[in-house]
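Take a look at the structure below.
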Amino acid sequence: MVSVNGTRGAANGPAVPMSPRDLAESAVRAVAAGAAEVLVHPRTPCGRESLSPRVVGPVLEVLRGAGVRVPLAVPVSIGAEPDPAEWSARVGAWTVLPDRAVVHFAEPGAAGLAEALLARGVRVDAAAPLGGPAGPEPLERLRAWLVRRP
């Protein structure tokens, strides 16, 4: 998997792809170099990460229209939407779906978000830090969610 822009923004330099077109160009090059999946952080024109369907949909459409034929993933987190209560609403409003979404179980509301994504047919990549300042809670959230899922 390649992350074409990650958490970097325009302040990190002109080489960081920001626009859908620049993201698509980077993704096409990465796939040509062997990437089997592309993770993209959709951003508003001002550079803020977003889960808005008006941001996510066009980015995914441009990537697919540019010929990116590998799975496309987006992160779904506080970085893109500060209010966890809004995550499921945003995901429910998506008109263009990614193949995968990365859900961070260090964040509150991750289990409900993962369920909302699965209900839409989006595969979930569950992330939980092992140790560090978050302590054992993220791993416990992930384990509890996995136990509930058949």
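To be explicit about the labels: the chains of the structure tokens are called A, B, and onward in the order shown, and within each one the residues are counted from 1, while ligands get numbers from 1 in the order they are shown.
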Need the shell around Pro75 of chain A: protein/DNA/RNA residues with any atom at most 9 Å away, counting only C-alpha atoms. Skip same-chain ones fewer than 6 positions apart. Format as a ChimeraX atom specification? /A:39-42,51,100-104
Save out the residues we just selected, N, CA and C atoms, as a tab-separated table (two decimals), in the first residue's frame.
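So out-v5.tsv came out as:
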chain	number	residue	atom	x	y	z
A	39	LEU	N	-3.71	4.52	-0.55
A	39	LEU	CA	-4.37	5.22	0.55
A	39	LEU	C	-4.29	6.71	0.25
A	40	VAL	N	-5.44	7.36	0.25
A	40	VAL	CA	-5.46	8.79	-0.04
A	40	VAL	C	-6.25	9.51	1.05
A	41	HIS	N	-5.72	10.66	1.48
A	41	HIS	CA	-6.39	11.50	2.46
A	41	HIS	C	-7.13	12.61	1.69
A	42	PRO	N	-8.44	12.45	1.43
A	42	PRO	CA	-9.17	13.50	0.70
A	42	PRO	C	-9.13	14.82	1.47
A	51	LEU	N	-14.21	14.18	5.38
A	51	LEU	CA	-15.02	13.01	5.06
A	51	LEU	C	-16.28	13.39	4.30
A	100	ARG	N	-11.76	0.40	0.69
A	100	ARG	CA	-11.39	0.16	2.08
A	100	ARG	C	-11.40	1.48	2.84
A	101	ALA	N	-11.50	1.37	4.16
A	101	ALA	CA	-11.36	2.54	5.02
A	101	ALA	C	-10.56	2.12	6.25
A	102	VAL	N	-9.66	2.97	6.66
A	102	VAL	CA	-8.85	2.72	7.84
A	102	VAL	C	-9.56	3.36	9.04
A	103	VAL	N	-9.87	2.54	10.03
A	103	VAL	CA	-10.55	3.00	11.24
A	103	VAL	C	-9.58	2.86	12.40
A	104	HIS	N	-9.38	3.94	13.12
A	104	HIS	CA	-8.43	3.98	14.23
A	104	HIS	C	-9.16	3.71	15.54
Enumerate the residues of chain A with a DSSP assignment of helix (DSSP H, G or I), computed from the backbone, and present them as a ChimeraX atom specification. /A:10-12,20-32,53-65,84-93,110-119,137-148
For Ala11 of chain A: contacts at 12 Å, only C-alpha atoms, fewer than 6 positions along chain excluded, given as a PyMOL selection string: chain A and resi 17-18+46-48
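The shortest atom-to-atom distance to Glu115 of chain A, with only C-alpha atoms taken into account, belongs to A:Gly92 out of A:Pro136, A:Gly57, A:Gly131, A:Gly92.
The nearest approach to Gly34 of chain A among the residues A:Val147, A:Ala134, A:Ala73, A:Val68, with only C-alpha atoms taken into account, belongs to A:Val68.
Minimum distance to Ala106 of chain A across A:Glu140, A:Glu37, A:Glu49, A:Asp83 (counting only C-alpha atoms) occurs at A:Glu140.
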If we count only C-alpha atoms and set the cut-off at 6 Å, which residues sit around Met1 of chain A, ignoring sequence neighbours fewer than 6 positions away in its own chain? Please answer as JSON, numbers by chain. {"A": [35, 36, 37, 38]}
Could you write out that same residue set with C-alpha atoms as a PDB file, in the first residue's frame?
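Saved to part_19.pdb:
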ATOM      1  CA  ALA A  35       1.818  -0.334  -5.455  1.00  0.00           C
ATOM      2  CA  ALA A  36      -1.061  -2.779  -5.048  1.00  0.00           C
ATOM      3  CA  GLU A  37      -3.300  -0.389  -3.085  1.00  0.00           C
ATOM      4  CA  VAL A  38      -3.544   3.390  -2.679  1.00  0.00           C
TER       5      VAL A  38
END
Interatomic distance between atom CA of Arg54 of chain A and atom CA of Pro20 of chain A? 12.1 Å
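The spacing separating atom CA of Pro45 of chain A from atom CA of Val31 of chain A amounts to 24.8 Å.
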Give me the residues near Val28 of chain A as a PDB file with C-alpha atoms, in the first residue's frame, where near means some atom within 9 Å (using only C-alpha atoms) and where sequence neighbours in that chain fewer than 2 positions away do not count.
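The result, written out as out25.pdb:
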ATOM      1  CA  LEU A  23      -3.273  12.874  -6.199  1.00  0.00           C
ATOM      2  CA  ALA A  24      -4.255  10.888  -9.297  1.00  0.00           C
ATOM      3  CA  GLU A  25      -0.909  11.584 -10.982  1.00  0.00           C
ATOM      4  CA  SER A  26       0.950  10.412  -7.871  1.00  0.00           C
ATOM      5  CA  ALA A  30       2.907   4.613  -7.552  1.00  0.00           C
ATOM      6  CA  VAL A  31       0.844   1.843  -9.157  1.00  0.00           C
ATOM      7  CA  ALA A  32       3.196   1.772 -12.150  1.00  0.00           C
ATOM      8  CA  ALA A  33       6.049   1.324  -9.659  1.00  0.00           C
ATOM      9  CA  LEU A  63      -8.336   8.530  -9.250  1.00  0.00           C
ATOM     10  CA  ALA A  66      -7.084   8.379 -14.284  1.00  0.00           C
ATOM     11  CA  GLY A  67      -6.813   4.618 -14.544  1.00  0.00           C
ATOM     12  CA  VAL A  68      -5.968   3.694 -10.956  1.00  0.00           C
TER      13      VAL A  68
END
Those in chain A with strand (DSSP E or B) from DSSP, as number ranges by chain: A: 2-3, 38-39, 43, 49, 72-76, 100-104, 123-127
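Of the listed residues (A:Arg29, A:Arg141, A:Arg123, A:Arg90), A:Arg141 comes nearest to Ala111 of chain A; the distances count only C-alpha atoms.
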Atomic separation - atom CA of Gly135 of chain A relative to atom CA of Leu118 of chain A, Å: 26.8 Å
For Leu113 of chain A: contacts at 9 Å, only C-alpha atoms, fewer than 4 positions along chain excluded, given as a VMD selection string: chain A and resid 76 84 87 to 88 91 103 109 117 to 118
Hey, can you spit out that residue selection with C-alpha atoms as a compact mmCIF listing (two decimals), in the first residue's frame?
# COMPACT_ATOMS: atom_id res chain seq x y z
CA VAL A 76 -11.69 7.82 8.67
CA PRO A 84 -17.05 11.17 16.04
CA TRP A 87 -18.55 10.00 11.18
CA SER A 88 -21.42 7.62 10.48
CA VAL A 91 -20.05 7.76 5.63
CA VAL A 103 -10.55 3.00 11.24
CA GLY A 109 -16.71 5.74 18.34
CA LEU A 117 -18.67 1.27 6.82
CA LEU A 118 -19.33 -2.45 6.64
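Here the question is which of A:Asp99, A:Gly132, A:Val59, A:Leu139 gets nearest to Arg120 of chain A using only C-alpha atoms, and that residue is A:Asp99.
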